[in-house]
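As stored in model_34.cif (mmCIF, C-alpha atoms):
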```cif
data_upload
loop_
_atom_site.group_PDB
_atom_site.id
_atom_site.type_symbol
_atom_site.label_atom_id
_atom_site.label_comp_id
_atom_site.auth_asym_id
_atom_site.auth_seq_id
_atom_site.Cartn_x
_atom_site.Cartn_y
_atom_site.Cartn_z
ATOM 1 C CA MET A 170 -32.545 -3.508 -17.244
ATOM 2 C CA LYS A 171 -32.015 -5.838 -14.318
ATOM 3 C CA ILE A 172 -28.734 -4.762 -12.757
ATOM 4 C CA LEU A 173 -26.657 -6.497 -10.100
ATOM 5 C CA VAL A 174 -24.949 -3.888 -7.897
ATOM 6 C CA LEU A 175 -22.099 -4.571 -5.487
ATOM 7 C CA GLY A 176 -21.422 -1.912 -2.853
ATOM 8 C CA SER A 177 -24.990 -0.670 -3.101
ATOM 9 C CA THR A 178 -25.154 0.621 0.487
ATOM 10 C CA GLY A 179 -22.027 2.803 0.284
ATOM 11 C CA TYR A 180 -21.824 6.531 -0.267
ATOM 12 C CA ILE A 181 -21.515 6.271 -4.058
ATOM 13 C CA GLY A 182 -23.452 3.022 -4.330
ATOM 14 C CA SER A 183 -26.547 4.424 -2.624
ATOM 15 C CA ALA A 184 -26.633 7.362 -5.040
ATOM 16 C CA VAL A 185 -26.170 5.071 -8.046
ATOM 17 C CA VAL A 186 -28.996 2.787 -6.890
ATOM 18 C CA ARG A 187 -31.334 5.744 -6.421
ATOM 19 C CA ARG A 188 -30.583 6.963 -9.925
ATOM 20 C CA LEU A 189 -30.890 3.541 -11.530
ATOM 21 C CA GLU A 190 -34.284 3.029 -9.919
ATOM 22 C CA ALA A 191 -35.410 6.541 -10.870
ATOM 23 C CA GLU A 192 -34.617 5.643 -14.497
ATOM 24 C CA GLY A 193 -36.778 2.516 -14.255
ATOM 25 C CA HIS A 194 -34.081 -0.123 -13.842
ATOM 26 C CA GLN A 195 -34.458 -3.043 -11.434
ATOM 27 C CA VAL A 196 -31.617 -3.274 -8.925
ATOM 28 C CA VAL A 197 -30.483 -6.535 -7.350
ATOM 29 C CA HIS A 198 -28.272 -5.829 -4.353
ATOM 30 C CA LEU A 199 -25.335 -8.130 -3.646
ATOM 31 C CA ALA A 200 -24.398 -7.720 -0.001
ATOM 32 C CA LYS A 201 -22.740 -9.540 2.870
ATOM 33 C CA ASP A 202 -25.645 -8.651 5.148
ATOM 34 C CA ALA A 203 -29.141 -8.168 3.750
ATOM 35 C CA GLY A 204 -30.137 -6.503 7.026
ATOM 36 C CA ARG A 205 -28.374 -3.317 5.940
ATOM 37 C CA LEU A 206 -30.480 -2.958 2.806
ATOM 38 C CA PRO A 207 -33.657 -0.883 2.421
ATOM 39 C CA ALA A 208 -36.917 -2.640 3.204
ATOM 40 C CA GLY A 209 -38.257 -4.478 0.183
ATOM 41 C CA ALA A 210 -34.931 -4.505 -1.691
ATOM 42 C CA THR A 211 -34.171 -7.485 -3.899
ATOM 43 C CA ALA A 212 -31.024 -8.954 -2.398
ATOM 44 C CA LEU A 213 -28.533 -11.756 -2.796
ATOM 45 C CA ILE A 214 -25.876 -12.665 -0.262
ATOM 46 C CA GLY A 215 -22.315 -12.546 -1.573
ATOM 47 C CA ASP A 216 -18.791 -11.538 -0.697
ATOM 48 C CA LEU A 217 -15.833 -10.316 -2.786
ATOM 49 C CA ALA A 218 -13.726 -12.952 -1.023
ATOM 50 C CA ASP A 219 -16.095 -15.744 -2.116
ATOM 51 C CA PRO A 220 -15.922 -16.119 -5.914
ATOM 52 C CA ALA A 221 -18.539 -18.881 -5.911
ATOM 53 C CA SER A 222 -21.113 -16.494 -4.417
ATOM 54 C CA LEU A 223 -20.295 -13.933 -7.102
ATOM 55 C CA ARG A 224 -20.640 -16.404 -9.976
ATOM 56 C CA ALA A 225 -23.952 -17.631 -8.560
ATOM 57 C CA ALA A 226 -25.307 -14.077 -8.434
ATOM 58 C CA VAL A 227 -24.782 -13.422 -12.151
ATOM 59 C CA THR A 228 -27.811 -15.319 -13.391
ATOM 60 C CA ASP A 229 -29.010 -15.357 -16.990
ATOM 61 C CA ASP A 230 -31.592 -12.651 -16.332
ATOM 62 C CA ILE A 231 -29.002 -10.138 -15.082
ATOM 63 C CA ASP A 232 -28.456 -7.562 -17.826
ATOM 64 C CA ALA A 233 -25.474 -5.770 -16.255
ATOM 65 C CA VAL A 234 -23.153 -5.868 -13.258
ATOM 66 C CA VAL A 235 -21.941 -2.696 -11.525
ATOM 67 C CA ASN A 236 -19.092 -3.252 -9.090
ATOM 68 C CA LEU A 237 -18.945 -0.360 -6.603
ATOM 69 C CA ALA A 238 -17.636 -2.484 -3.743
ATOM 70 C CA THR A 239 -14.633 -1.289 -1.752
ATOM 71 C CA PRO A 240 -11.559 -3.278 -2.839
ATOM 72 C CA THR A 241 -10.314 -5.793 -0.307
ATOM 73 C CA GLY A 242 -6.701 -4.616 -0.454
ATOM 74 C CA ASP A 243 -5.609 -8.064 -1.639
ATOM 75 C CA GLU A 244 -4.830 -8.163 -5.352
ATOM 76 C CA ALA A 245 -5.402 -11.893 -5.710
ATOM 77 C CA VAL A 246 -8.814 -11.653 -4.038
ATOM 78 C CA ASP A 247 -9.911 -8.668 -6.127
ATOM 79 C CA ALA A 248 -8.680 -10.293 -9.347
ATOM 80 C CA ALA A 249 -10.576 -13.489 -8.550
ATOM 81 C CA ALA A 250 -13.705 -11.417 -7.858
ATOM 82 C CA VAL A 251 -13.452 -9.702 -11.260
ATOM 83 C CA ASP A 252 -13.010 -13.053 -12.988
ATOM 84 C CA ALA A 253 -15.970 -14.557 -11.156
ATOM 85 C CA LEU A 254 -18.297 -11.654 -11.964
ATOM 86 C CA ALA A 255 -17.241 -11.600 -15.621
ATOM 87 C CA GLU A 256 -17.381 -15.348 -16.178
ATOM 88 C CA ARG A 257 -21.074 -15.680 -16.995
ATOM 89 C CA LEU A 258 -21.170 -12.365 -18.866
ATOM 90 C CA ARG A 259 -18.603 -13.402 -21.456
ATOM 91 C CA GLY A 260 -20.018 -13.973 -24.917
ATOM 92 C CA THR A 261 -23.284 -12.194 -24.112
ATOM 93 C CA GLY A 262 -22.541 -8.524 -24.824
ATOM 94 C CA ARG A 263 -23.814 -7.630 -21.365
ATOM 95 C CA ALA A 264 -22.211 -4.817 -19.352
ATOM 96 C CA PHE A 265 -19.699 -5.053 -16.517
ATOM 97 C CA LEU A 266 -18.695 -1.766 -14.838
ATOM 98 C CA TYR A 267 -15.693 -1.712 -12.525
ATOM 99 C CA THR A 268 -15.108 1.287 -10.247
ATOM 100 C CA SER A 269 -11.532 2.497 -9.953
ATOM 101 C CA GLY A 270 -10.449 6.093 -9.277
ATOM 102 C CA VAL A 271 -8.202 8.924 -10.424
ATOM 103 C CA TRP A 272 -5.494 8.101 -7.863
ATOM 104 C CA VAL A 273 -4.249 5.447 -10.317
ATOM 105 C CA LEU A 274 -2.919 8.346 -12.418
ATOM 106 C CA GLY A 275 -0.604 9.621 -9.675
ATOM 107 C CA ALA A 276 0.610 13.208 -9.555
ATOM 108 C CA THR A 277 -0.116 15.006 -12.829
ATOM 109 C CA GLY A 278 1.614 18.333 -12.453
ATOM 110 C CA ASP A 279 -0.087 21.069 -14.433
ATOM 111 C CA ALA A 280 -1.017 18.881 -17.398
ATOM 112 C CA SER A 281 -4.657 17.817 -17.588
ATOM 113 C CA LEU A 282 -4.745 14.045 -18.063
ATOM 114 C CA ASP A 283 -7.447 12.372 -20.121
ATOM 115 C CA GLU A 284 -8.612 8.769 -20.305
ATOM 116 C CA ASP A 285 -5.603 7.707 -22.441
ATOM 117 C CA ALA A 286 -2.969 8.860 -19.939
ATOM 118 C CA PRO A 287 -0.653 6.173 -18.529
ATOM 119 C CA THR A 288 -1.158 5.151 -14.922
ATOM 120 C CA ASN A 289 1.328 5.931 -12.145
ATOM 121 C CA ALA A 290 -0.591 4.778 -9.093
ATOM 122 C CA ILE A 291 0.166 5.879 -5.553
ATOM 123 C CA ALA A 292 0.727 3.296 -2.801
ATOM 124 C CA MET A 293 -2.882 3.250 -1.596
ATOM 125 C CA VAL A 294 -4.071 1.917 -4.975
ATOM 126 C CA ASP A 295 -0.837 0.417 -6.258
ATOM 127 C CA TYR A 296 -2.319 -2.734 -7.783
ATOM 128 C CA ARG A 297 -5.555 -1.267 -9.081
ATOM 129 C CA PRO A 298 -4.217 -0.500 -12.598
ATOM 130 C CA ARG A 299 -3.637 -4.240 -13.025
ATOM 131 C CA ILE A 300 -7.248 -4.911 -12.025
ATOM 132 C CA GLU A 301 -8.355 -2.263 -14.522
ATOM 133 C CA GLN A 302 -6.416 -4.041 -17.259
ATOM 134 C CA ARG A 303 -7.969 -7.351 -16.253
ATOM 135 C CA VAL A 304 -11.422 -5.841 -16.660
ATOM 136 C CA LEU A 305 -10.634 -4.181 -19.985
ATOM 137 C CA ALA A 306 -9.108 -7.373 -21.382
ATOM 138 C CA ALA A 307 -12.458 -9.091 -20.864
ATOM 139 C CA ALA A 308 -13.953 -6.764 -23.480
ATOM 140 C CA GLY A 309 -12.360 -8.993 -26.095
ATOM 141 C CA ASP A 310 -14.734 -11.795 -25.098
ATOM 142 C CA ASP A 311 -17.942 -10.043 -26.214
ATOM 143 C CA LEU A 312 -18.409 -8.463 -22.813
ATOM 144 C CA ARG A 313 -19.105 -4.723 -22.484
ATOM 145 C CA ALA A 314 -16.394 -4.218 -19.867
ATOM 146 C CA VAL A 315 -15.953 -0.610 -18.688
ATOM 147 C CA VAL A 316 -13.714 1.061 -16.098
ATOM 148 C CA VAL A 317 -15.042 4.174 -14.331
ATOM 149 C CA ARG A 318 -12.572 6.437 -12.520
ATOM 150 C CA PRO A 319 -14.398 8.905 -10.269
ATOM 151 C CA GLY A 320 -12.654 12.029 -9.088
ATOM 152 C CA ILE A 321 -12.831 13.028 -5.422
ATOM 153 C CA VAL A 322 -16.519 12.695 -4.649
ATOM 154 C CA TYR A 323 -18.500 15.269 -2.678
ATOM 155 C CA GLY A 324 -22.110 16.078 -1.906
ATOM 156 C CA HIS A 325 -24.633 15.806 0.922
ATOM 157 C CA GLY A 326 -21.911 16.179 3.545
ATOM 158 C CA GLY A 327 -20.057 13.022 2.501
ATOM 159 C CA GLY A 328 -16.810 11.959 0.891
ATOM 160 C CA ILE A 329 -13.399 13.398 1.728
ATOM 161 C CA PRO A 330 -14.806 16.964 1.896
ATOM 162 C CA GLY A 331 -17.098 15.699 4.654
ATOM 163 C CA LEU A 332 -14.041 14.363 6.482
ATOM 164 C CA MET A 333 -12.370 17.747 6.027
ATOM 165 C CA THR A 334 -15.317 19.419 7.709
ATOM 166 C CA GLY A 335 -14.938 17.039 10.651
ATOM 167 C CA TRP A 336 -11.211 17.770 10.882
ATOM 168 C CA ALA A 337 -11.902 21.521 10.844
ATOM 169 C CA ARG A 338 -14.401 21.088 13.652
ATOM 170 C CA GLU A 339 -11.915 19.071 15.712
ATOM 171 C CA GLN A 340 -8.877 21.263 15.078
ATOM 172 C CA GLY A 341 -10.426 24.711 14.969
ATOM 173 C CA THR A 342 -9.294 25.426 11.404
ATOM 174 C CA GLY A 343 -9.482 23.959 7.939
ATOM 175 C CA ARG A 344 -6.566 21.651 7.150
ATOM 176 C CA TYR A 345 -4.944 20.489 3.925
ATOM 177 C CA VAL A 346 -1.930 18.286 3.223
ATOM 178 C CA GLY A 347 0.899 19.544 1.053
ATOM 179 C CA SER A 348 1.119 22.807 -0.849
ATOM 180 C CA ALA A 349 -1.639 25.391 -1.099
ATOM 181 C CA ALA A 350 -1.224 24.941 -4.870
ATOM 182 C CA THR A 351 -2.406 21.315 -4.679
ATOM 183 C CA ARG A 352 -5.575 20.623 -6.700
ATOM 184 C CA TRP A 353 -8.053 17.773 -6.853
ATOM 185 C CA PRO A 354 -10.355 16.614 -9.671
ATOM 186 C CA MET A 355 -13.855 16.399 -8.211
ATOM 187 C CA VAL A 356 -17.440 15.325 -8.879
ATOM 188 C CA HIS A 357 -20.756 15.579 -7.043
ATOM 189 C CA VAL A 358 -22.056 12.173 -6.003
ATOM 190 C CA ASP A 359 -25.378 12.709 -7.804
ATOM 191 C CA ASP A 360 -23.652 13.748 -11.026
ATOM 192 C CA LEU A 361 -21.457 10.665 -10.719
ATOM 193 C CA ALA A 362 -24.549 8.496 -10.259
ATOM 194 C CA GLU A 363 -25.921 9.858 -13.528
ATOM 195 C CA LEU A 364 -22.663 8.937 -15.237
ATOM 196 C CA PHE A 365 -22.957 5.342 -14.035
ATOM 197 C CA VAL A 366 -26.477 5.107 -15.437
ATOM 198 C CA LEU A 367 -25.295 6.423 -18.798
ATOM 199 C CA ALA A 368 -22.304 4.074 -18.749
ATOM 200 C CA VAL A 369 -24.327 0.975 -18.021
ATOM 201 C CA THR A 370 -26.586 1.668 -20.985
ATOM 202 C CA LYS A 371 -24.314 3.441 -23.509
ATOM 203 C CA ALA A 372 -20.574 2.989 -22.857
ATOM 204 C CA HIS A 373 -18.578 1.029 -25.412
ATOM 205 C CA ALA A 374 -16.717 -2.155 -24.528
ATOM 206 C CA GLY A 375 -13.194 -1.437 -23.336
ATOM 207 C CA SER A 376 -13.958 2.160 -22.334
ATOM 208 C CA VAL A 377 -12.164 4.030 -19.557
ATOM 209 C CA LEU A 378 -14.379 6.820 -18.233
ATOM 210 C CA HIS A 379 -13.323 9.754 -16.061
ATOM 211 C CA GLY A 380 -16.062 10.751 -13.648
ATOM 212 C CA VAL A 381 -14.723 14.283 -13.211
ATOM 213 C CA ALA A 382 -16.862 17.415 -13.335
ATOM 214 C CA HIS A 383 -14.259 19.906 -12.002
ATOM 215 C CA GLU A 384 -10.743 19.085 -13.103
ATOM 216 C CA ALA A 385 -8.668 21.122 -10.634
ATOM 217 C CA VAL A 386 -10.169 22.341 -7.336
ATOM 218 C CA PRO A 387 -7.631 24.027 -4.987
ATOM 219 C CA VAL A 388 -7.392 22.079 -1.732
ATOM 220 C CA ALA A 389 -6.604 25.201 0.300
ATOM 221 C CA ALA A 390 -9.928 26.665 -0.835
ATOM 222 C CA LEU A 391 -11.619 23.366 0.025
ATOM 223 C CA ALA A 392 -10.134 23.476 3.511
ATOM 224 C CA ALA A 393 -11.347 27.053 3.982
ATOM 225 C CA ALA A 394 -14.853 26.092 2.847
ATOM 226 C CA ALA A 395 -14.765 23.098 5.187
ATOM 227 C CA ASP A 396 -13.925 25.457 8.052
ATOM 228 C CA ILE A 397 -16.995 27.551 7.206
ATOM 229 C CA ALA A 398 -19.089 24.369 7.068
ATOM 230 C CA ALA A 399 -17.759 23.501 10.527
ATOM 231 C CA GLY A 400 -18.856 26.887 11.894
ATOM 232 C CA GLY A 401 -15.570 28.704 11.441
ATOM 233 C CA THR A 402 -14.591 31.824 9.554
ATOM 234 C CA GLY A 403 -12.860 30.221 6.570
ATOM 235 C CA ARG A 404 -9.380 29.664 7.947
ATOM 236 C CA ALA A 405 -7.133 27.085 6.313
ATOM 237 C CA GLU A 406 -3.686 25.908 7.371
ATOM 238 C CA PRO A 407 -1.249 23.272 6.123
ATOM 239 C CA TRP A 408 -1.488 19.964 7.954
ATOM 240 C CA PRO A 409 2.064 18.713 8.570
ATOM 241 C CA VAL A 410 2.554 15.355 6.900
ATOM 242 C CA ASP A 411 3.725 13.614 10.079
ATOM 243 C CA GLN A 412 0.668 14.819 12.001
ATOM 244 C CA ALA A 413 -1.714 13.863 9.203
ATOM 245 C CA ALA A 414 -0.101 10.439 8.882
ATOM 246 C CA GLU A 415 -0.506 9.837 12.600
ATOM 247 C CA ALA A 416 -4.190 10.785 12.370
ATOM 248 C CA VAL A 417 -5.245 9.038 9.144
ATOM 249 C CA GLY A 418 -2.347 6.801 8.084
ATOM 250 C CA GLY A 419 0.536 7.281 5.683
ATOM 251 C CA PRO A 420 -1.041 5.985 2.454
ATOM 252 C CA PHE A 421 -4.153 8.152 2.866
ATOM 253 C CA THR A 422 -1.962 11.139 3.700
ATOM 254 C CA GLU A 423 -0.112 10.635 0.413
ATOM 255 C CA ALA A 424 -3.467 10.625 -1.385
ATOM 256 C CA LEU A 425 -4.596 13.810 0.367
ATOM 257 C CA GLY A 426 -1.443 15.595 -0.778
ATOM 258 C CA LEU A 427 -1.713 14.396 -4.382
ATOM 259 C CA ASN A 428 -1.742 17.232 -6.910
ATOM 260 C CA GLN A 429 -3.890 16.261 -9.895
ATOM 261 C CA VAL A 430 -5.525 17.889 -12.893
ATOM 262 C CA VAL A 431 -7.787 15.371 -14.614
ATOM 263 C CA SER A 432 -10.226 15.898 -17.471
ATOM 264 C CA GLY A 433 -13.595 14.231 -17.892
ATOM 265 C CA GLN A 434 -14.447 16.145 -21.063
ATOM 266 C CA ARG A 435 -14.141 13.183 -23.410
ATOM 267 C CA THR A 436 -16.310 11.010 -21.180
ATOM 268 C CA ALA A 437 -18.921 13.768 -21.043
ATOM 269 C CA ALA A 438 -18.891 14.193 -24.819
ATOM 270 C CA GLU A 439 -19.094 10.466 -25.576
ATOM 271 C CA LEU A 440 -21.988 9.733 -23.223
ATOM 272 C CA GLY A 441 -23.828 13.051 -23.188
ATOM 273 C CA TRP A 442 -23.066 13.486 -19.501
ATOM 274 C CA ARG A 443 -23.945 16.939 -18.187
ATOM 275 C CA PRO A 444 -22.876 17.483 -14.554
ATOM 276 C CA SER A 445 -25.145 20.123 -13.045
ATOM 277 C CA ARG A 446 -24.886 19.959 -9.237
ATOM 278 C CA PRO A 447 -23.499 22.839 -7.146
ATOM 279 C CA TYR A 448 -19.757 23.443 -7.125
ATOM 280 C CA VAL A 449 -18.045 21.896 -4.117
ATOM 281 C CA LEU A 450 -16.983 25.224 -2.568
ATOM 282 C CA THR A 451 -20.533 26.548 -2.847
ATOM 283 C CA GLU A 452 -21.958 23.439 -1.230
ATOM 284 C CA LEU A 453 -19.412 23.197 1.563
ATOM 285 C CA ALA A 454 -19.715 26.872 2.458
ATOM 286 C CA GLY A 455 -23.463 26.486 2.898
ATOM 287 C CA GLY A 456 -24.897 27.247 -0.516
ATOM 288 C CA ASP A 457 -27.366 25.163 -2.505
ATOM 289 C CA ARG A 458 -26.848 21.542 -1.499
ATOM 290 C CA GLY A 459 -28.547 20.140 -4.551
#
```
Could you quickly redo this structure as structure tokens?
Amino acid sequence: MKILVLGSTGYIGSAVVRRLEAEGHQVVHLAKDAGRLPAGATALIGDLADPASLRAAVTDDIDAVVNLATPTGDEAVDAAAVDALAERLRGTGRAFLYTSGVWVLGATGDASLDEDAPTNAIAMVDYRPRIEQRVLAAAGDDLRAVVVRPGIVYGHGGGIPGLMTGWAREQGTGRYVGSAATRWPMVHVDDLAELFVLAVTKAHAGSVLHGVAHEAVPVAALAAAADIAAGGTGRAEPWPVDQAAEAVGGPFTEALGLNQVVSGQRTAAELGWRPSRPYVLTELAGGDRG
């Protein structure tokens, strides 16, 4: 397949591109600046804030569009971008994957939420459920529209666990926001990339997919592993909310303290997805980095 990818140079996007190419697909990168792309990459210039550039990029020979771009933070802009990308795919049965995230579910308590659970988004992603619904509604126009919600992504020193390692190095101990009982749903970036490849080829129109390999990882244990990764002994302490908010901002602090248990079992069963990369605590503490 010839696949247009937005956000192809990001942490997740780079892994998805590598996996798509390893599976024999041709990737067309849509980027603001072609200079950031690998040498020899097929690239088009476009911007989420410029719907005309997005429509122009979806040519008749594009078999699928994968939107991994970071949202702009402006609902009207992001909605217009979705409409522009979907416009020339309607009536063709081609695939359009939109990347959301599990934060749209809000705090879950002890119940494990599946793909049918109602959304209750936190402030950082407050309008994203409406963008999800905009994408899914397009499935009624013979467009294979799919929403992918990754868990907290880790692997190769990146993602929020990578930030936690940096905080441990700076502060002399692992830090976590909220209660020691807080848990996060998580996924290795390379396992997530495999899910995107499966989704672009196999997911049904109107699907919501949970990219979650580990449904409830304790954040206190993550913080301790991050301290080991930073050269410490595995200490972990609560990070007072006011201090965390001053360091990283209030909305992100709310996300860091979000207690969630989220299942990706149905997604795995439907697509034959088999996450196999090392567990996050093993990787952070210096085990096999996959």
Note to self: as a list in words, please: the residues near Asp283 in chain A (cut-off 9 Å, all atoms listed in the file, same-chain neighbours under 3 positions excluded).
What the structure shows: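 The neighbour list is Ala286, His379, Val431, Ser432, Gly433, Gln434 and Arg435 of chain A.
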Next item on the list: Measuring atom to atom with all atoms listed in the file, identify which of A:Leu189, A:Ala368, A:Leu453, A:Ala437 is nearest to Gly401 in chain A.
Entry: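 Of the candidates, the smallest distance to Gly401 in chain A is held by A:Leu453.
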Next item on the list: Give me the result of the PyMOL selection byres ((chain A and resi 207) around 12) on this file, residue by residue, as a PyMOL selection string.
Entry: chain A and resi 177-178+183+186-187+196-198+200+202-206+208-212
Item checked: Coordinates-based distance that separates CA of Asp359 in chain A from CA of Glu192 in chain A (Å, one decimal) ->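 Between CA of Glu192 in chain A and CA of Asp359 in chain A the gap works out to 13.4 Å.
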Check: For the atom pair CA of Ala394 in chain A and CA of Ala413 in chain A, what is the interatomic distance in Å to one decimal place?
Finding: 19.0 Å
Check: What is the CA of Met333 in chain A-CA of Trp408 in chain A distance in Å, reported with one decimal?
Finding: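 Between CA of Met333 in chain A and CA of Trp408 in chain A the gap is 11.3 Å.
Each of A:Ala414, A:Ala438, A:Met170, A:Met355 was checked against Glu190 in chain A using all atoms listed in the file; the smallest atom-to-atom distance is that of A:Met170.
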Starting from the PyMOL selection byres ((chain A and resi 275) around 8), expand the selection into actual residues of this file and give them as an mmCIF file with C-alpha atoms, keeping the file's coordinate frame.
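So result_2.cif came out as:
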```
data_model
loop_
_atom_site.group_PDB
_atom_site.id
_atom_site.type_symbol
_atom_site.label_atom_id
_atom_site.label_comp_id
_atom_site.auth_asym_id
_atom_site.auth_seq_id
_atom_site.Cartn_x
_atom_site.Cartn_y
_atom_site.Cartn_z
ATOM 1 C CA VAL A 271 -8.202 8.924 -10.424
ATOM 2 C CA TRP A 272 -5.494 8.101 -7.863
ATOM 3 C CA VAL A 273 -4.249 5.447 -10.317
ATOM 4 C CA LEU A 274 -2.919 8.346 -12.418
ATOM 5 C CA ALA A 276 0.610 13.208 -9.555
ATOM 6 C CA THR A 277 -0.116 15.006 -12.829
ATOM 7 C CA THR A 288 -1.158 5.151 -14.922
ATOM 8 C CA ASN A 289 1.328 5.931 -12.145
ATOM 9 C CA ALA A 290 -0.591 4.778 -9.093
ATOM 10 C CA ILE A 291 0.166 5.879 -5.553
ATOM 11 C CA LEU A 427 -1.713 14.396 -4.382
ATOM 12 C CA GLN A 429 -3.890 16.261 -9.895
#
```
Margin query: Could you check the closest approach to Thr334 in chain A for each of A:Ala184, A:Leu213, A:Ala221, A:Leu391 and tell me which residue wins, using only C-alpha atoms?
Written below: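 Closest residue, counting only C-alpha atoms: A:Leu391.
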Next item on the list: Fewer than 4 positions away in the same chain doesn't count, so skip those; otherwise give me all residues within 10 Å of Asp219 in chain A, counting all atoms listed in the file, as a ChimeraX atom specification.
Entry: /A:215,223-224,246,249-250,253
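Here the question is which of A:Lys371, A:Lys171, A:Arg404, A:Arg446 gets nearest to Thr342 in chain A using only C-alpha atoms, and that residue is A:Arg404.
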